[in-house]
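What follows is a single structure, written as structure tokens, with notes after it.
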Amino acid sequence: MGFGTLFIGYFFLLNISYYAYTDIIAAMLCLMATYKLSWVNRGFKASFILSIIFAVFSLGEILVPALELLGFKALSDTVTPYVAVPRLLAIFALTAAFMVGIRDVAREAEAFELSKSASTRIVISPIFLLMALFEIPQFGSLFGVAANYIAVALILVFLVVVAMNLVTVYKAYMQIYIPGQQKARQKRKGGFMSKFEEYEEKKSREYAEYKIKRDMEKIEKKKGKKK
């Protein structure tokens, strides 16, 4: 469906120690997820484009530890402080875009609590921009010794914000089923995959029935006004 893959991809952002190795996994999973969702609305379409940019950046990002392994430690130490800045900018843009997509589709499905949750995540997403600012060595040096405490606090804030975003994506996965592209699946009797397919088909029928019912109610209201 897309939301499950997005959840897994975004989950990899919780790796704050060796993100140069896992960002490419996160980016590719987000790319797969947003590709599936890109036809739904402009928010997901924008997040698909931003996932491509994040994936390209992640390929370059993994070169930094590779340089260190090859003996170019001085070059690696020079580049590393500046890698986090475009990374956080990419995370901010991607997060804001897919949260807009979740908000809009939740409104359409009348999942108002989910829509409100996504709207809140959009509002707090600029925290990633503040983090990017503190990653610039010249800016951080302005705060002297306090810069170290601020850096630790921002790491904790990053983890909390990412965790909150994951909760919203998970809610979207549980509450919204978007009929996606037709897939040729081989049916299996029993087992987890069979149950998962049955669950998806059930959610698909429920969503289709809801859309038909809502459209019929609108038609009846228009007829009532004409009378």
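Letters for chains follow the order of the structure tokens (A, B, ...), residue numbers begin at 1 for each chain, and ligand numbers begin at 1 in the order shown.
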message = Could you list, as a list in words, every residue within 12 Å of Tyr170 of chain A, counting only C-alpha atoms and ignoring same-chain residues fewer than 3 positions away?
response =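 So the residues in contact are Gly2, Phe3, Gly4, Thr5, Leu6, Phe7, Ile8, Tyr10, Phe11, Ile102, Leu114, Ser117, Ala118, Ala163, Met164, Asn165, Leu166, Val167, Tyr173, Met174, Gln175 and Ile176 of chain A.
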Taking only C-alpha atoms into account, produce a table as a Markdown table in which each residue of segment 77-175 of chain A with an atom at most 10 Å from an atom of segment 53-62 of chain A appears once, together with its shortest atom pair and the distance in Å to one decimal, ordered by chain and rising number.
```
| residue | atom | partner | partner_atom | distance |
| --- | --- | --- | --- | --- |
| A:Val79 | CA | A:Glu61 | CA | 9.8 |
| A:Thr80 | CA | A:Glu61 | CA | 9.0 |
| A:Val83 | CA | A:Glu61 | CA | 7.0 |
| A:Ala84 | CA | A:Glu61 | CA | 9.3 |
| A:Pro86 | CA | A:Phe57 | CA | 8.3 |
| A:Arg87 | CA | A:Phe54 | CA | 7.7 |
| A:Leu89 | CA | A:Phe54 | CA | 9.5 |
| A:Ala90 | CA | A:Phe54 | CA | 6.0 |
| A:Ile91 | CA | A:Phe54 | CA | 7.8 |
| A:Ala93 | CA | A:Phe54 | CA | 9.7 |
| A:Leu94 | CA | A:Phe54 | CA | 8.3 |
```
For atom CA of Leu159 of chain A and atom CA of Ser38 of chain A, the interatomic separation in Å (one decimal) =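 The value is 26.9 Å.
When only C-alpha atoms are used to measure the gap to Asp104 of chain A, the shortest distance among A:Lys116, A:Lys171, A:Ile155, A:Gln138 belongs to A:Lys116.
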Contacts of Ala96 of chain A at 8 Å (only C-alpha atoms; same-chain gap of 2+ positions) as a PyMOL selection string = chain A and resi 92-94+98-100+121-122+125
message = I need the residue nearest Leu14 of chain A from this list: A:Leu156, A:Leu133, A:Glu220, A:Val169. Use only C-alpha atoms for the distance.
response =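 Among the listed residues, A:Leu156 lies closest to Leu14 of chain A.
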ask   = Between atom CA of Phe139 of chain A and atom CA of Leu13 of chain A, what is the spacing in Å?
value = 24.2 Å
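Note that the spacing between atom CA of Asn15 of chain A and atom CA of Thr34 of chain A amounts to 21.1 Å.
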